[in-house]
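Report on one structure; see the data block that follows.
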Amino acid sequence: MGLMRARAMPCAIHAPGREVTQFVVEGRNVPGTLATIASKLAQLGINILSGLIVAEPGRETGHIVFFLDITGTGLTEAELLERLRKLDVVVDAEITAKKIGDMAINGTTHRTLFMGERAVLFDVADMGAMFGWFDENFGSGAHAILFDMGKQAGKTAAEKLMNDYGLRGRDVVEAFLALHEAAGWFDYEVVKYDEGALEFVIRLYDNFECVPFKGKKDRPMSHLVRGELAGLFSSLFKRDFKVDEVMCLAKGDPYCEFTIMPREGR
């Protein structure tokens with residue numbers, strides 16, 4: 001699977017006893033802008049804790065969002081702001097941190113874009129609480145609803161990959177899985193891909209839908225993702241597919257594994 005690292009989103013930092021702030025810098029979209037700003041911060045003894053760079057080809061400017069630790073530098077946020085604004089690569093700069101208790105919370109961005117589309121972040125523990133409540137109160141009915149929701153989403157995603165990006169065949173499946181991996185849903189492995197027999201096996205590691213129930217259930221719990229896979233393959237091959245979760249984290253298995261094949265007579 002290669003070397004995988006968690007992506008820490010620069011949304012907030014909890015740092016008791018430290019003076020942490022957030023700045024957004026609009027800079028010229030040219031080579032060396034980031035190096036110039038980082039060099040200035042280093043000269044001032046300021047530690048960059050995290051950052052987000054957003055720039056597009058052809059745009060004159062881009063922006064960089066920093067969480068900075070200015071503890072012990074003797075600089076106020078206002079003084080640092082003026083130092084940054086004097087750099088020739090900087091068009092403008094602003095202090096954006098929302099400080100609440102010992103937290104510095106992102107005050108720069110309130111929307112997240114993923115492949116140009118708005119995305120939102122959910123805490124996996126919160127999702128687990130919702131899925132768990134749904135399962136306990138509605139049982140198989142909840143499973144059917146989650147499956148159908150996922151199936152519709154999977155169909156929509158497959159159609160977008162084919163129509164907007166021109167992908168076909170296995171590339172659609174690989175892109176679907178890789179994009180979900182990039183979004184933090186799971187790590188994946190295509191164990192079997194047989195277009196001739198229309199038989200497929202997909203293995204998911206750390207599947208977010210099942211992580212909250214790891215080793216706590218006697219049955220599979222990945223109904224939403226199972227539905228997404230059904231929608232993906234149904235849209236790709238223009239027929240209805242059956243998806244079974246034969247291994248599941250929730251049951252104590254090391255991963256979630258799905259077998260995928262056409263439904264009889266459809």
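Residues are named by chain letter and number: chains run A, B, ... in the order of the structure tokens, numbers start at 1 in each chain, and ligands are numbered from 1 in the order shown.
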- If you count only C-alpha atoms, which residues fall within 12 Å of Glu199 of chain A, apart from same-chain ones fewer than 4 positions away, as a list in words?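 Answer for this query is Val190, Val191, Lys192, Tyr193, Asp194, Glu195, Phe233, Phe237, Phe241, Lys242, Val243, Asp244, Phe258, Thr259, Ile260, Met261, Pro262 and Arg263 of chain A.
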- Message: Residues of segment 140-243 of chain A classed as helix (DSSP H, G or I) by DSSP on the backbone are to be reported as JSON, numbers by chain.
- Response: {"A": [140, 141, 142, 143, 144, 145, 146, 147, 148, 149, 150, 151, 152, 153, 154, 155, 156, 157, 158, 159, 160, 161, 162, 163, 164, 165, 170, 171, 172, 173, 174, 175, 176, 177, 178, 179, 180, 181, 182, 211, 212, 213, 223, 224, 225, 226, 227, 228, 229, 230, 231, 232, 233, 234, 235, 236, 237]}
Those same residues - C-alpha atoms - I'd like them written as a PDB file, in the first residue's frame.
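Result file is result_11.pdb:
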ATOM      1  CA  SER A 140     -32.504  -3.881   8.684  1.00  0.00           C
ATOM      2  CA  GLY A 141     -34.607  -0.898   7.636  1.00  0.00           C
ATOM      3  CA  ALA A 142     -31.693   1.415   8.448  1.00  0.00           C
ATOM      4  CA  HIS A 143     -29.335  -0.846   6.497  1.00  0.00           C
ATOM      5  CA  ALA A 144     -31.599  -0.696   3.439  1.00  0.00           C
ATOM      6  CA  ILE A 145     -31.866   3.097   3.591  1.00  0.00           C
ATOM      7  CA  LEU A 146     -28.095   3.556   3.940  1.00  0.00           C
ATOM      8  CA  PHE A 147     -27.506   1.124   1.065  1.00  0.00           C
ATOM      9  CA  ASP A 148     -29.946   2.953  -1.233  1.00  0.00           C
ATOM     10  CA  MET A 149     -28.450   6.330  -0.292  1.00  0.00           C
ATOM     11  CA  GLY A 150     -24.986   5.030  -1.071  1.00  0.00           C
ATOM     12  CA  LYS A 151     -26.126   3.447  -4.322  1.00  0.00           C
ATOM     13  CA  GLN A 152     -27.466   6.743  -5.618  1.00  0.00           C
ATOM     14  CA  ALA A 153     -24.256   8.524  -4.627  1.00  0.00           C
ATOM     15  CA  GLY A 154     -22.148   5.829  -6.297  1.00  0.00           C
ATOM     16  CA  LYS A 155     -24.103   6.140  -9.548  1.00  0.00           C
ATOM     17  CA  THR A 156     -23.740   9.921  -9.525  1.00  0.00           C
ATOM     18  CA  ALA A 157     -19.987   9.700  -8.875  1.00  0.00           C
ATOM     19  CA  ALA A 158     -19.472   7.137 -11.655  1.00  0.00           C
ATOM     20  CA  GLU A 159     -21.401   9.225 -14.170  1.00  0.00           C
ATOM     21  CA  LYS A 160     -19.351  12.289 -13.279  1.00  0.00           C
ATOM     22  CA  LEU A 161     -16.079  10.393 -13.754  1.00  0.00           C
ATOM     23  CA  MET A 162     -17.230   9.128 -17.139  1.00  0.00           C
ATOM     24  CA  ASN A 163     -18.958  12.243 -18.454  1.00  0.00           C
ATOM     25  CA  ASP A 164     -16.750  15.010 -17.011  1.00  0.00           C
ATOM     26  CA  TYR A 165     -13.365  13.276 -17.006  1.00  0.00           C
ATOM     27  CA  ARG A 170     -11.240   0.009 -14.625  1.00  0.00           C
ATOM     28  CA  ASP A 171     -10.076   3.646 -14.596  1.00  0.00           C
ATOM     29  CA  VAL A 172     -13.535   4.639 -13.332  1.00  0.00           C
ATOM     30  CA  VAL A 173     -13.261   2.199 -10.415  1.00  0.00           C
ATOM     31  CA  GLU A 174      -9.677   3.167  -9.588  1.00  0.00           C
ATOM     32  CA  ALA A 175     -10.492   6.898  -9.692  1.00  0.00           C
ATOM     33  CA  PHE A 176     -13.606   6.424  -7.548  1.00  0.00           C
ATOM     34  CA  LEU A 177     -11.625   4.526  -4.916  1.00  0.00           C
ATOM     35  CA  ALA A 178      -8.576   6.819  -5.063  1.00  0.00           C
ATOM     36  CA  LEU A 179     -10.705   9.959  -4.671  1.00  0.00           C
ATOM     37  CA  HIS A 180     -12.468   8.461  -1.658  1.00  0.00           C
ATOM     38  CA  GLU A 181      -9.090   7.481  -0.233  1.00  0.00           C
ATOM     39  CA  ALA A 182      -7.841  11.052  -0.769  1.00  0.00           C
ATOM     40  CA  VAL A 211     -13.963   2.076  12.502  1.00  0.00           C
ATOM     41  CA  PRO A 212     -16.317   3.230  15.338  1.00  0.00           C
ATOM     42  CA  PHE A 213     -17.584  -0.371  15.720  1.00  0.00           C
ATOM     43  CA  HIS A 223     -24.031  -0.392   4.341  1.00  0.00           C
ATOM     44  CA  LEU A 224     -23.413   3.092   2.942  1.00  0.00           C
ATOM     45  CA  VAL A 225     -20.105   2.167   1.289  1.00  0.00           C
ATOM     46  CA  ARG A 226     -21.555  -1.150   0.111  1.00  0.00           C
ATOM     47  CA  GLY A 227     -24.305   0.830  -1.606  1.00  0.00           C
ATOM     48  CA  GLU A 228     -21.776   3.186  -3.181  1.00  0.00           C
ATOM     49  CA  LEU A 229     -19.937   0.226  -4.703  1.00  0.00           C
ATOM     50  CA  ALA A 230     -23.226  -1.172  -6.026  1.00  0.00           C
ATOM     51  CA  GLY A 231     -24.055   2.162  -7.632  1.00  0.00           C
ATOM     52  CA  LEU A 232     -20.551   2.496  -9.073  1.00  0.00           C
ATOM     53  CA  PHE A 233     -20.530  -0.888 -10.804  1.00  0.00           C
ATOM     54  CA  SER A 234     -24.185  -0.673 -11.848  1.00  0.00           C
ATOM     55  CA  SER A 235     -23.559   2.647 -13.575  1.00  0.00           C
ATOM     56  CA  LEU A 236     -20.330   1.439 -15.160  1.00  0.00           C
ATOM     57  CA  PHE A 237     -21.715  -1.818 -16.613  1.00  0.00           C
TER      58      PHE A 237
END
Each residue of segment 154-257 of chain A with at least one atom at most 12 Å from segment 119-137 of chain A should appear once, together with its nearest atom pair and the corresponding distance in Å (one decimal); atoms considered: only C-alpha atoms; ordering: chain, then increasing residue number; output as a Markdown table.
| residue | atom | partner | partner_atom | distance |
| --- | --- | --- | --- | --- |
| A:His180 | CA | A:Ala119 | CA | 11.9 |
| A:Ala183 | CA | A:Ala119 | CA | 9.2 |
| A:Gly184 | CA | A:Leu121 | CA | 9.7 |
| A:Trp185 | CA | A:Val124 | CA | 9.7 |
| A:Phe186 | CA | A:Val124 | CA | 11.7 |
| A:Asp206 | CA | A:Val124 | CA | 11.1 |
| A:Asn207 | CA | A:Val124 | CA | 10.2 |
| A:Phe208 | CA | A:Val124 | CA | 6.5 |
| A:Glu209 | CA | A:Gly128 | CA | 7.0 |
| A:Cys210 | CA | A:Gly128 | CA | 7.8 |
| A:Val211 | CA | A:Val124 | CA | 7.9 |
| A:Pro212 | CA | A:Gly128 | CA | 5.2 |
| A:Phe213 | CA | A:Gly128 | CA | 7.4 |
| A:Lys214 | CA | A:Gly128 | CA | 10.5 |
| A:Lys216 | CA | A:Gly132 | CA | 11.1 |
| A:Lys217 | CA | A:Gly132 | CA | 10.5 |
| A:Arg219 | CA | A:Asp135 | CA | 11.3 |
| A:Pro220 | CA | A:Asp135 | CA | 11.3 |
| A:Met221 | CA | A:Asp135 | CA | 8.8 |
| A:Ser222 | CA | A:Phe131 | CA | 9.7 |
| A:His223 | CA | A:Phe131 | CA | 9.8 |
| A:Leu224 | CA | A:Phe131 | CA | 9.8 |
| A:Ala250 | CA | A:Gly128 | CA | 11.3 |
Emit the selected residues as a JSON list (two decimals), in the first residue's frame, including N, CA and C atoms.
[["chain", "number", "residue", "atom", "x", "y", "z"],
["A", 180, "HIS", "N", -11.95, 8.70, -3.00],
["A", 180, "HIS", "CA", -12.47, 8.46, -1.66],
["A", 180, "HIS", "C", -11.33, 8.27, -0.66],
["A", 183, "ALA", "N", -10.03, 11.59, 0.17],
["A", 183, "ALA", "CA", -10.96, 12.32, 1.03],
["A", 183, "ALA", "C", -11.00, 11.75, 2.44],
["A", 184, "GLY", "N", -10.26, 10.66, 2.68],
["A", 184, "GLY", "CA", -10.17, 10.11, 4.03],
["A", 184, "GLY", "C", -11.17, 9.03, 4.38],
["A", 185, "TRP", "N", -11.88, 8.48, 3.38],
["A", 185, "TRP", "CA", -12.88, 7.46, 3.69],
["A", 185, "TRP", "C", -12.22, 6.13, 4.07],
["A", 186, "PHE", "N", -11.17, 5.76, 3.36],
["A", 186, "PHE", "CA", -10.53, 4.47, 3.56],
["A", 186, "PHE", "C", -9.26, 4.39, 2.73],
["A", 206, "ASP", "N", -9.30, 0.47, 7.21],
["A", 206, "ASP", "CA", -9.72, 1.63, 8.02],
["A", 206, "ASP", "C", -10.94, 2.32, 7.44],
["A", 207, "ASN", "N", -11.89, 1.56, 6.97],
["A", 207, "ASN", "CA", -13.14, 2.07, 6.42],
["A", 207, "ASN", "C", -13.86, 2.90, 7.50],
["A", 208, "PHE", "N", -14.04, 4.19, 7.24],
["A", 208, "PHE", "CA", -14.57, 5.10, 8.27],
["A", 208, "PHE", "C", -15.91, 4.64, 8.82],
["A", 209, "GLU", "N", -16.71, 3.97, 7.99],
["A", 209, "GLU", "CA", -18.05, 3.58, 8.40],
["A", 209, "GLU", "C", -18.01, 2.50, 9.48],
["A", 210, "CYS", "N", -16.93, 1.74, 9.52],
["A", 210, "CYS", "CA", -16.83, 0.61, 10.46],
["A", 210, "CYS", "C", -15.85, 0.84, 11.59],
["A", 211, "VAL", "N", -14.95, 1.81, 11.46],
["A", 211, "VAL", "CA", -13.96, 2.08, 12.50],
["A", 211, "VAL", "C", -14.60, 2.28, 13.88],
["A", 212, "PRO", "N", -15.73, 3.03, 13.99],
["A", 212, "PRO", "CA", -16.32, 3.23, 15.34],
["A", 212, "PRO", "C", -16.82, 1.94, 15.99],
["A", 213, "PHE", "N", -17.03, 0.88, 15.20],
["A", 213, "PHE", "CA", -17.58, -0.37, 15.72],
["A", 213, "PHE", "C", -16.56, -1.50, 15.71],
["A", 214, "LYS", "N", -15.28, -1.17, 15.58],
["A", 214, "LYS", "CA", -14.22, -2.16, 15.40],
["A", 214, "LYS", "C", -14.28, -3.25, 16.48],
["A", 216, "LYS", "N", -16.77, -4.81, 17.65],
["A", 216, "LYS", "CA", -17.88, -4.71, 18.60],
["A", 216, "LYS", "C", -19.19, -5.33, 18.10],
["A", 217, "LYS", "N", -19.22, -5.75, 16.84],
["A", 217, "LYS", "CA", -20.45, -6.25, 16.26],
["A", 217, "LYS", "C", -20.28, -7.69, 15.78],
["A", 219, "ARG", "N", -21.93, -8.62, 12.97],
["A", 219, "ARG", "CA", -22.40, -8.54, 11.60],
["A", 219, "ARG", "C", -21.70, -7.38, 10.89],
["A", 220, "PRO", "N", -21.65, -7.40, 9.56],
["A", 220, "PRO", "CA", -21.04, -6.29, 8.81],
["A", 220, "PRO", "C", -21.82, -4.99, 9.04],
["A", 221, "MET", "N", -21.11, -3.86, 8.98],
["A", 221, "MET", "CA", -21.74, -2.58, 9.27],
["A", 221, "MET", "C", -21.56, -1.55, 8.15],
["A", 222, "SER", "N", -20.95, -1.94, 7.03],
["A", 222, "SER", "CA", -20.66, -0.94, 6.00],
["A", 222, "SER", "C", -21.74, -0.91, 4.92],
["A", 223, "HIS", "N", -22.90, -0.40, 5.27],
["A", 223, "HIS", "CA", -24.03, -0.39, 4.34],
["A", 223, "HIS", "C", -23.98, 0.78, 3.37],
["A", 224, "LEU", "N", -23.51, 1.93, 3.83],
["A", 224, "LEU", "CA", -23.41, 3.09, 2.94],
["A", 224, "LEU", "C", -22.36, 2.86, 1.86],
["A", 250, "ALA", "N", -15.92, -4.27, 11.84],
["A", 250, "ALA", "CA", -16.86, -4.31, 12.96],
["A", 250, "ALA", "C", -16.94, -5.70, 13.58]]
- Query: So how many Å separate atom CA of Leu52 of chain A and atom CA of Asp88 of chain A, to one decimal?
  - Reply: 20.5 Å
Interface rows for segment 15-61 of chain A against segment 72-76 of chain A: nearest pair, Å to one decimal, 7 Å, only C-alpha atoms, as JSON lines:
{"residue": "A:Leu44", "atom": "CA", "partner": "A:Thr73", "partner_atom": "CA", "distance": 6.9}
{"residue": "A:Gly45", "atom": "CA", "partner": "A:Thr73", "partner_atom": "CA", "distance": 6.2}
{"residue": "A:Ile46", "atom": "CA", "partner": "A:Thr73", "partner_atom": "CA", "distance": 7.0}
Same residues, N, CA, C and O atoms, output as an mmCIF file, in the first residue's frame:
data_model
loop_
_atom_site.group_PDB
_atom_site.id
_atom_site.type_symbol
_atom_site.label_atom_id
_atom_site.label_comp_id
_atom_site.auth_asym_id
_atom_site.auth_seq_id
_atom_site.Cartn_x
_atom_site.Cartn_y
_atom_site.Cartn_z
ATOM 1 N N LEU A 44 12.653 35.991 12.194
ATOM 2 C CA LEU A 44 11.977 36.568 13.358
ATOM 3 C C LEU A 44 11.791 35.548 14.481
ATOM 4 O O LEU A 44 11.230 35.876 15.534
ATOM 5 N N GLY A 45 12.248 34.317 14.279
ATOM 6 C CA GLY A 45 12.125 33.284 15.299
ATOM 7 C C GLY A 45 10.728 32.717 15.430
ATOM 8 O O GLY A 45 10.376 32.175 16.487
ATOM 9 N N ILE A 46 9.946 32.800 14.355
ATOM 10 C CA ILE A 46 8.554 32.345 14.382
ATOM 11 C C ILE A 46 8.464 30.948 13.781
ATOM 12 O O ILE A 46 8.981 30.690 12.686
#
- Message: I'd like the interatomic distance between atom CA of Ala104 of chain A and atom CA of Ile70 of chain A, to a tenth of an Å.
- Response: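 According to the coordinates, atom CA of Ala104 of chain A and atom CA of Ile70 of chain A are separated by 12.5 Å.
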- Item | Coordinates-based distance that separates atom CA of Thr71 of chain A from atom CA of Leu34 of chain A (Å, one decimal) |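 Computing it gives 21.9 Å between the two atoms.
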- Using only C-alpha atoms, determine which residues lie at most 7 Å from segment 13-30 of chain A, disregarding the query and same-chain residues fewer than 5 positions distant; provide the list as a count of residues only. 28
- DSSP strand (DSSP E or B) residues within segment 95-244 of chain A, as a ChimeraX atom specification: /A:95,98-100,103-105,112-114,117-119,187-194,199-205,241-244
Keeping N, CA, C and O atoms for every residue in the selection just given, could you write it to a file as a compact mmCIF listing (two decimals), in the first residue's frame?
# COMPACT_ATOMS: atom_id res chain seq x y z
N ILE A 95 -4.65 39.21 9.87
CA ILE A 95 -4.74 38.32 11.03
C ILE A 95 -6.16 37.74 11.04
O ILE A 95 -7.14 38.49 10.99
N LYS A 98 -9.39 33.04 15.28
CA LYS A 98 -10.43 33.21 16.27
C LYS A 98 -9.92 32.54 17.55
O LYS A 98 -9.77 31.32 17.59
N LYS A 99 -9.63 33.33 18.57
CA LYS A 99 -9.03 32.79 19.79
C LYS A 99 -10.10 32.58 20.86
O LYS A 99 -10.78 33.53 21.28
N ILE A 100 -10.24 31.33 21.27
CA ILE A 100 -11.22 30.96 22.28
C ILE A 100 -10.51 30.06 23.29
O ILE A 100 -10.09 28.96 22.94
N MET A 103 -7.43 27.81 22.46
CA MET A 103 -7.51 27.42 21.05
C MET A 103 -7.37 28.61 20.13
O MET A 103 -7.87 29.70 20.41
N ALA A 104 -6.69 28.38 19.00
CA ALA A 104 -6.69 29.31 17.87
C ALA A 104 -7.42 28.58 16.75
O ALA A 104 -6.98 27.53 16.28
N ILE A 105 -8.56 29.12 16.35
CA ILE A 105 -9.43 28.44 15.38
C ILE A 105 -9.37 29.18 14.04
O ILE A 105 -9.33 30.41 13.99
N THR A 112 -14.69 24.12 2.24
CA THR A 112 -13.64 23.23 1.75
C THR A 112 -14.04 22.74 0.37
O THR A 112 -15.19 22.29 0.18
N LEU A 113 -13.14 22.86 -0.58
CA LEU A 113 -13.40 22.38 -1.94
C LEU A 113 -12.58 21.13 -2.21
O LEU A 113 -11.39 21.07 -1.89
N PHE A 114 -13.20 20.14 -2.81
CA PHE A 114 -12.53 18.90 -3.19
C PHE A 114 -12.84 18.66 -4.66
O PHE A 114 -13.99 18.47 -5.02
N GLU A 117 -15.56 20.88 -5.94
CA GLU A 117 -16.89 20.75 -5.34
C GLU A 117 -16.81 20.97 -3.84
O GLU A 117 -15.83 20.59 -3.20
N ARG A 118 -17.85 21.58 -3.27
CA ARG A 118 -17.86 21.81 -1.83
C ARG A 118 -17.93 20.49 -1.07
O ARG A 118 -18.72 19.60 -1.39
N ALA A 119 -17.09 20.35 -0.06
CA ALA A 119 -17.07 19.18 0.80
C ALA A 119 -17.13 19.64 2.25
O ALA A 119 -16.78 20.77 2.57
N ASP A 187 -8.44 3.37 2.98
CA ASP A 187 -7.40 2.95 2.06
C ASP A 187 -7.95 1.73 1.33
O ASP A 187 -8.78 1.00 1.88
N TYR A 188 -7.49 1.48 0.11
CA TYR A 188 -8.14 0.42 -0.65
C TYR A 188 -7.14 -0.47 -1.40
O TYR A 188 -6.00 -0.11 -1.63
N GLU A 189 -7.65 -1.64 -1.78
CA GLU A 189 -6.91 -2.58 -2.62
C GLU A 189 -7.92 -3.28 -3.54
O GLU A 189 -8.95 -3.78 -3.06
N VAL A 190 -7.64 -3.29 -4.83
CA VAL A 190 -8.47 -4.06 -5.76
C VAL A 190 -7.89 -5.47 -5.81
O VAL A 190 -6.84 -5.71 -6.40
N VAL A 191 -8.58 -6.40 -5.17
CA VAL A 191 -8.09 -7.77 -5.05
C VAL A 191 -8.38 -8.56 -6.32
O VAL A 191 -7.55 -9.35 -6.78
N LYS A 192 -9.54 -8.34 -6.91
CA LYS A 192 -9.92 -9.04 -8.15
C LYS A 192 -10.69 -8.09 -9.04
O LYS A 192 -11.60 -7.39 -8.59
N TYR A 193 -10.31 -8.07 -10.32
CA TYR A 193 -11.03 -7.25 -11.30
C TYR A 193 -11.13 -8.06 -12.58
O TYR A 193 -10.18 -8.15 -13.35
N ASP A 194 -12.28 -8.68 -12.81
CA ASP A 194 -12.49 -9.56 -13.97
C ASP A 194 -13.71 -9.07 -14.74
O ASP A 194 -14.84 -9.41 -14.41
N GLU A 199 -16.80 -10.25 -12.18
CA GLU A 199 -16.58 -10.58 -10.78
C GLU A 199 -15.46 -9.70 -10.23
O GLU A 199 -14.39 -9.58 -10.84
N PHE A 200 -15.72 -9.10 -9.07
CA PHE A 200 -14.79 -8.13 -8.51
C PHE A 200 -14.72 -8.30 -7.00
O PHE A 200 -15.70 -8.66 -6.34
N VAL A 201 -13.54 -8.02 -6.45
CA VAL A 201 -13.35 -8.03 -5.00
C VAL A 201 -12.58 -6.77 -4.62
O VAL A 201 -11.49 -6.51 -5.16
N ILE A 202 -13.15 -5.99 -3.73
CA ILE A 202 -12.54 -4.74 -3.26
C ILE A 202 -12.29 -4.87 -1.76
O ILE A 202 -13.18 -5.25 -1.00
N ARG A 203 -11.10 -4.53 -1.34
CA ARG A 203 -10.73 -4.59 0.08
C ARG A 203 -10.46 -3.18 0.59
O ARG A 203 -9.71 -2.42 -0.04
N LEU A 204 -11.09 -2.82 1.69
CA LEU A 204 -10.94 -1.49 2.27
C LEU A 204 -10.31 -1.59 3.66
O LEU A 204 -10.74 -2.40 4.49
N TYR A 205 -9.31 -0.77 3.90
CA TYR A 205 -8.64 -0.70 5.19
C TYR A 205 -9.06 0.58 5.91
O TYR A 205 -9.17 1.65 5.30
N PHE A 241 -25.98 -4.74 -9.74
CA PHE A 241 -24.95 -5.56 -9.10
C PHE A 241 -25.30 -5.83 -7.65
O PHE A 241 -25.86 -4.99 -6.96
N LYS A 242 -24.91 -7.02 -7.20
CA LYS A 242 -25.04 -7.41 -5.81
C LYS A 242 -23.69 -7.22 -5.13
O LYS A 242 -22.65 -7.64 -5.66
N VAL A 243 -23.68 -6.60 -3.97
CA VAL A 243 -22.44 -6.36 -3.23
C VAL A 243 -22.60 -6.96 -1.84
O VAL A 243 -23.52 -6.60 -1.09
N ASP A 244 -21.72 -7.89 -1.48
CA ASP A 244 -21.74 -8.51 -0.16
C ASP A 244 -20.47 -8.13 0.59
O ASP A 244 -19.36 -8.21 0.04
